[in-house]
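Colleague: This is the structure I have questions about; it appears just below.
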Amino acid sequence: MSDDSSSADGCGAGNTDDNIVPRHVAIIMDGNNRWAKRRGLLGPAGHRAGVEAVRGVLRACRHHGVEVLTLFAFSSENWGRPLPEVRALLALLSRYLRNEVKELHEDGIRLRFIGERSRFSPRLQHLMQQSENLTRENTAATMVIAVDYGGQWDIAQAAQALARKVEAGEMRAEDVTAEAIDANIAVSELPRPDLCIRTGGDARLSNFMLWHFAYSELYFTETLWPDFGELEFARALDDYSRRERRFGLRDPQDLVSGGEENA
């Protein structure tokens with residue numbers, strides 16, 4: 001696994017034999033509560049089943065050679081859910097870190113967190129930092145967990161960082177460019193997500209990695225997250241492999257045939 005910032009934009013002229021497998025897959029894990037409800041269970045049971053799905057997808061990523069997996073675990077808006085559910089989600093995250101990080105470390109997986117951590121308990125913040133420190137030098141793969149994260153927050157915090165530099169006289173207002181924001185966005189050193197998968201049937205991004213998804217391929221499935229296993233993941237990768245990524249450029253064949261420009 002490499003986090004070479006020189007390839008952070010992940011851009012190219014289209015899928016080739018060398019890049020059919022996405023380097024970075026981001027997943028909006030939706031459907032835990034509905035999965036539990038359909039089985040006559042309480043919501044926390046769905047979230048626990050969702051953890052099992054994480055294990056399966058992580059194995060699939062390693063099998064297929066995906067370098068980075070980013071999971072939308074807890075959004076900024078999730079604080080508005082019923083308090084018992086919020087507590088259950090945070091307890092599950094804490095339990096996952098206590099029980100799983102050692103194995104992730106042994107497998108050479110680096111763990112990263114993105115989001116606003118200050119609203120979490122000191123204990124959970126410590127577990128997150130401890131997990132990152134333990135796995136920092138691992139190179140087999142990277143798993144990014146987005147917690148108390150929102151795409152708008154991410155862009156705003158990047159803009160604030162640049163505004164502070166302008167106020168300090170370290171840069172000029174005209175230096176606040178897309179490239180400058182890009183360098184201050186979360187996980188700016190990692191390749192941009194090539195593929196975003198959303199489970200659960202909804203076809204929206206829900207304020208997830210809005211900056212990063214500028215040219216990501218989007219894949220929506222009706223499958224609820226706890227049922228999204230290695231076979232479903234392989235189907236998503238197969239769909240991705242058949243897409244032509246142009247990144248705003250024109251297909252060379254269009255230049256010959258006079259076809260319309262496609263983004």
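Labels for the structure tokens follow display order: chains A, B, ..., residues from 1 in each chain, ligands from 1.
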Residues at most 6 Å from region 141-155 of chain A, counting only C-alpha atoms, excluding those fewer than 5 positions away in the same chain, as a list in words?

Modeller: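 Result of the neighbour search: Met1, Glu67, Val68, Leu69, Thr70, Leu71, Phe72, Ala73, Phe74, Ser75, Ser76, Ile109, Arg110, Leu111, Arg112, Phe113, Ile114, Gly115, Glu116, Asn207, Phe208, Met209 and Leu210 of chain A.
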
Colleague: Enumerate the residues of region 115-258 of chain A with a DSSP assignment of strand (DSSP E or B), computed from the backbone, and present them as number ranges by chain.

Modeller: A: 141-149, 195-198, 217-220

Colleague: Quick one: residues within 12 Å of Leu42 (chain A), only C-alpha atoms counted, chain neighbours fewer than 6 positions away excluded, as a PyMOL selection string?

Modeller: chain A and resi 32-36+48-49+84-85+88

Colleague: Deliver the residues from the most recent selection as a file, using N, CA and C atoms, as a PDB file, in the first residue's frame.

Modeller:
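Listed below is the output, again_34.pdb:
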```pdb
ATOM      1  N   ASN A  32     -28.536  -0.762   8.332  1.00  0.00           N
ATOM      2  CA  ASN A  32     -28.444  -1.589   9.532  1.00  0.00           C
ATOM      3  C   ASN A  32     -29.765  -1.671  10.284  1.00  0.00           C
ATOM      4  N   ASN A  33     -30.422  -0.526  10.477  1.00  0.00           N
ATOM      5  CA  ASN A  33     -31.677  -0.517  11.235  1.00  0.00           C
ATOM      6  C   ASN A  33     -32.781  -1.278  10.509  1.00  0.00           C
ATOM      7  N   ARG A  34     -32.872  -1.097   9.197  1.00  0.00           N
ATOM      8  CA  ARG A  34     -33.892  -1.811   8.429  1.00  0.00           C
ATOM      9  C   ARG A  34     -33.637  -3.310   8.442  1.00  0.00           C
ATOM     10  N   TRP A  35     -32.364  -3.693   8.392  1.00  0.00           N
ATOM     11  CA  TRP A  35     -32.003  -5.112   8.460  1.00  0.00           C
ATOM     12  C   TRP A  35     -32.503  -5.716   9.770  1.00  0.00           C
ATOM     13  N   ALA A  36     -32.278  -4.991  10.871  1.00  0.00           N
ATOM     14  CA  ALA A  36     -32.720  -5.495  12.174  1.00  0.00           C
ATOM     15  C   ALA A  36     -34.243  -5.534  12.265  1.00  0.00           C
ATOM     16  N   ARG A  48     -24.410  -4.335  14.996  1.00  0.00           N
ATOM     17  CA  ARG A  48     -23.450  -5.407  15.270  1.00  0.00           C
ATOM     18  C   ARG A  48     -23.250  -6.271  14.032  1.00  0.00           C
ATOM     19  N   ALA A  49     -24.344  -6.552  13.324  1.00  0.00           N
ATOM     20  CA  ALA A  49     -24.226  -7.320  12.082  1.00  0.00           C
ATOM     21  C   ALA A  49     -23.421  -6.539  11.048  1.00  0.00           C
ATOM     22  N   PRO A  84     -30.266   6.658  22.798  1.00  0.00           N
ATOM     23  CA  PRO A  84     -29.839   5.258  22.987  1.00  0.00           C
ATOM     24  C   PRO A  84     -29.114   4.702  21.761  1.00  0.00           C
ATOM     25  N   GLU A  85     -29.561   5.092  20.549  1.00  0.00           N
ATOM     26  CA  GLU A  85     -28.893   4.605  19.348  1.00  0.00           C
ATOM     27  C   GLU A  85     -27.501   5.203  19.214  1.00  0.00           C
ATOM     28  N   ALA A  88     -25.263   3.442  21.557  1.00  0.00           N
ATOM     29  CA  ALA A  88     -24.973   2.090  21.075  1.00  0.00           C
ATOM     30  C   ALA A  88     -23.933   2.125  19.964  1.00  0.00           C
TER      31      ALA A  88
END
```

Colleague: Which parts of region 33-253 of chain A does DSSP call alpha helix (DSSP H) when run on the backbone here, written out as a VMD selection string?

Modeller: chain A and resid 33 to 38 43 to 64 83 to 106 122 to 135 151 to 167 178 to 184 230 to 241 252 to 253

Colleague: Report, in Å with one decimal, the straight-line distance from CA of Leu218 (chain A) to CA of Arg245 (chain A).

Modeller: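 CA of Arg245 (chain A) lies 11.7 Å from CA of Leu218 (chain A).
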
Colleague: May I ask for the distance between CA of Asp238 (chain A) and CA of Val51 (chain A), given in Å to one decimal place?

Modeller: 23.9 Å

Colleague: Could you jot down the CA of Thr223 (chain A) to CA of Gly201 (chain A) separation for me, Å, one decimal place?

Modeller: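 We find that CA of Thr223 (chain A) and CA of Gly201 (chain A) lie 6.8 Å from each other.
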
Colleague: Can you pull out the residues contacting Gly56 (chain A)? Cut-off 12 Å, using only C-alpha atoms, and skip same-chain residues under 6 positions away; I want them as a list in words.

Modeller: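 So the residues in contact are Ala49, Gly50, Arg62, His63, Trp225, Pro226, Asp227, Phe228, Gly229, Glu230, Leu231, Glu232, Phe233 and Ala234 of chain A.
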
Colleague: My list of candidates is A:Glu137, A:Glu77, A:Pro82, A:Gly43. Which is closest to Glu106 (chain A) when distances are computed with only C-alpha atoms?

Modeller: A:Glu137

Colleague: Just checking: using only C-alpha atoms, which residue out of A:Asp30, A:Arg23, A:His126, A:Tyr96 ends up closest to Arg204 (chain A)?

Modeller: A:Asp30
